[in-house]
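Participant: Below are the structure tokens for one structure; questions will follow.
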Amino acid sequence: MVDADKQLQAKQNDTVSPPHPIENPADSKSKDWTSSINLSHTVDGEFPTESVFNQLCKVYNKSPFFHHCGMTMRVVEGEIKGFIDMNHSLIGNVVFEILHGGVAATMLDSIGGIVAMAEIYRRGQGELADRIRKVSRLATTDMRVDYLAPGRGTQFIATSEVLRLGRKGCTMRMNLHNNDHKLIATAIATYVY
């Protein structure tokens, strides 16, 4: 290869690299995704709900997009909840300074997905390998969002509940409230696995 070709190749490689550092690829050997849940904390045969929920939240909170939007998942009183702290970059309507509808929809979809994963693990239907397979394949196939009030507030809290958990998919209902407990948006989604 000629020196000019090497320089061009190096320049192209530099433009392909991500602008922000990402976790060390060497760590990929110990993939930490939603199918890598540790169920060894079982006490007297009882499912370790809090431990599994915390592990799922930890994994979700590593998402660069979640970090960018200021979203976090936490276990509160035995339930997984999603939180968004309002900031200037999340404003959708600049005149009224309200939360962008896409951010609300993203949080609703995400809380529906993580709660569905938690329920697949918690309900324990089938072998552990089957549950892991379902969780790792879980994907949104349909979601309807109803925006009920302007997204005003300093923090938004998302919750979800299972409407139906079947062999090949599930249906979830999600709600997004502001810090004054006002319902901002609601959604129903179908996930397949």
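Order determines the names: the first chain of the structure tokens is A, the second B, and so forth; residues in each chain are numbered 1 upward, and ligands are numbered 1 upward as they are shown.
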Find the residues near Asp85 (chain A): any atom within 7 Å, counting only C-alpha atoms, skip ones fewer than 6 places away on the same chain, and give them as a PyMOL selection string.

Facilitator: chain A and resi 70+154-156

Participant: Just the residues within 10 Å of Cys69 (chain A), please, counting only C-alpha atoms, with nothing from its chain fewer than 3 positions along; format it as number ranges by chain.

Facilitator: A: 64-66, 72, 84-87, 89-90, 103, 106-107

Participant: If you run DSSP on the backbone, which residues of region 83-188 of chain A are helix (DSSP H, G or I), as a PyMOL selection string?

Facilitator: chain A and resi 88-90+101-123+128-137

Participant: Restricting the calculation to only C-alpha atoms, which member of A:Ala185, A:Ala129, A:Ile120, A:Met174 is positioned closest to Gly102 (chain A)?

Facilitator: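 Using only C-alpha atoms, the shortest distance to Gly102 (chain A) belongs to A:Ala185.
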
Participant: Would you mind reading off the distance between CA of Met143 (chain A) and CA of Cys170 (chain A), one decimal, in Å?

Facilitator: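 Here the two named atoms are 11.9 Å from each other.
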
Participant: Take CA of Ala116 (chain A) and CA of Asn61 (chain A) and report the distance between them in Å, one decimal.

Facilitator: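 We find that CA of Ala116 (chain A) and CA of Asn61 (chain A) lie 16.4 Å from each other.
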
Participant: State, in Å with one decimal place, the distance from CA of Val95 (chain A) to CA of Phe83 (chain A).

Facilitator: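 Interatomic distance, CA of Val95 (chain A) to CA of Phe83 (chain A): 23.9 Å.
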
Participant: Can you tell me, as an NGL selection string, what residues are no more than 8 Å from Glu161 (chain A) when counting only C-alpha atoms, ignoring any on the same chain fewer than 2 positions away?

Facilitator: :A and (112 or 115 or 159 or 163 or 172-174)

Participant: Give me the residues within 12 Å of Ile80 (chain A) as a short mmCIF file (atom, residue, chain, number, x, y, z; two decimals) with N, CA and C atoms, in the first residue's frame, counting only C-alpha atoms and dropping any in the same chain fewer than 2 places off.

Facilitator:
data_model
loop_
_atom_site.label_atom_id
_atom_site.label_comp_id
_atom_site.auth_asym_id
_atom_site.auth_seq_id
_atom_site.Cartn_x
_atom_site.Cartn_y
_atom_site.Cartn_z
N THR A 49 -37.33 -11.37 43.24
CA THR A 49 -37.93 -10.28 42.48
C THR A 49 -37.10 -9.01 42.52
N GLU A 50 -36.81 -8.51 43.70
CA GLU A 50 -36.08 -7.24 43.86
C GLU A 50 -34.72 -7.31 43.17
N SER A 51 -34.02 -8.41 43.34
CA SER A 51 -32.69 -8.57 42.73
C SER A 51 -32.77 -8.55 41.20
N VAL A 52 -33.71 -9.30 40.63
CA VAL A 52 -33.86 -9.35 39.18
C VAL A 52 -34.29 -7.99 38.64
N PHE A 53 -35.25 -7.35 39.31
CA PHE A 53 -35.70 -6.03 38.86
C PHE A 53 -34.54 -5.04 38.87
N ASN A 54 -33.72 -5.06 39.93
CA ASN A 54 -32.57 -4.16 40.00
C ASN A 54 -31.55 -4.45 38.90
N GLN A 55 -31.35 -5.72 38.57
CA GLN A 55 -30.43 -6.08 37.50
C GLN A 55 -30.94 -5.56 36.15
N LEU A 56 -32.23 -5.71 35.89
CA LEU A 56 -32.80 -5.20 34.65
C LEU A 56 -32.65 -3.67 34.56
N CYS A 57 -32.91 -2.98 35.64
CA CYS A 57 -32.77 -1.52 35.66
C CYS A 57 -31.32 -1.12 35.40
N LYS A 58 -30.40 -1.81 36.02
CA LYS A 58 -28.97 -1.51 35.83
C LYS A 58 -28.59 -1.63 34.36
N TYR A 60 -30.67 -1.47 31.66
CA TYR A 60 -31.35 -0.42 30.89
C TYR A 60 -30.66 0.93 31.07
N THR A 72 -33.93 7.24 33.56
CA THR A 72 -33.42 6.16 34.40
C THR A 72 -34.58 5.24 34.79
N MET A 73 -34.23 3.99 35.05
CA MET A 73 -35.18 3.01 35.57
C MET A 73 -34.75 2.70 37.00
N ARG A 74 -35.71 2.61 37.90
CA ARG A 74 -35.41 2.27 39.31
C ARG A 74 -36.52 1.40 39.86
N VAL A 75 -36.17 0.63 40.88
CA VAL A 75 -37.16 -0.17 41.59
C VAL A 75 -37.63 0.66 42.78
N VAL A 76 -38.93 0.94 42.82
CA VAL A 76 -39.52 1.73 43.89
C VAL A 76 -40.67 0.91 44.46
N GLU A 77 -40.55 0.57 45.74
CA GLU A 77 -41.58 -0.20 46.44
C GLU A 77 -41.96 -1.47 45.67
N GLY A 78 -40.95 -2.19 45.19
CA GLY A 78 -41.15 -3.46 44.51
C GLY A 78 -41.65 -3.37 43.08
N GLY A 82 -39.93 4.28 35.57
CA GLY A 82 -39.01 5.07 34.76
C GLY A 82 -39.11 6.53 35.15
N PHE A 83 -37.95 7.21 35.13
CA PHE A 83 -37.90 8.62 35.52
C PHE A 83 -37.19 9.44 34.46
N SER A 110 -40.28 2.01 26.65
CA SER A 110 -39.21 1.40 27.45
C SER A 110 -39.71 0.80 28.75
N ILE A 111 -40.60 1.52 29.44
CA ILE A 111 -41.12 0.97 30.70
C ILE A 111 -41.98 -0.25 30.42
N GLY A 112 -42.72 -0.24 29.32
CA GLY A 112 -43.50 -1.42 28.95
C GLY A 112 -42.61 -2.62 28.69
N GLY A 113 -41.51 -2.40 27.98
CA GLY A 113 -40.59 -3.48 27.67
C GLY A 113 -39.88 -4.05 28.88
N ILE A 114 -39.39 -3.19 29.75
CA ILE A 114 -38.64 -3.68 30.92
C ILE A 114 -39.57 -4.40 31.90
N VAL A 115 -40.79 -3.89 32.07
CA VAL A 115 -41.74 -4.57 32.97
C VAL A 115 -42.17 -5.91 32.37
N ALA A 116 -42.32 -5.96 31.06
CA ALA A 116 -42.64 -7.24 30.41
C ALA A 116 -41.51 -8.25 30.65
N MET A 117 -40.26 -7.81 30.51
CA MET A 117 -39.12 -8.70 30.77
C MET A 117 -39.12 -9.18 32.21
N ALA A 118 -39.35 -8.27 33.12
CA ALA A 118 -39.38 -8.63 34.54
C ALA A 118 -40.46 -9.66 34.82
N GLU A 119 -41.62 -9.49 34.21
CA GLU A 119 -42.72 -10.43 34.42
C GLU A 119 -42.43 -11.80 33.81
N ILE A 157 -42.69 10.42 35.62
CA ILE A 157 -42.58 9.06 36.15
C ILE A 157 -43.45 8.14 35.31
N ALA A 158 -42.85 7.06 34.83
CA ALA A 158 -43.56 6.10 33.99
C ALA A 158 -43.77 4.79 34.75
N THR A 159 -44.94 4.22 34.60
CA THR A 159 -45.26 2.92 35.20
C THR A 159 -45.90 2.04 34.14
N SER A 160 -45.93 0.74 34.42
CA SER A 160 -46.51 -0.19 33.45
C SER A 160 -47.14 -1.36 34.18
N GLU A 161 -48.13 -1.96 33.52
CA GLU A 161 -48.76 -3.16 34.05
C GLU A 161 -49.03 -4.12 32.90
N MET A 174 -49.19 1.38 29.82
CA MET A 174 -48.20 2.24 30.44
C MET A 174 -48.79 3.63 30.69
#
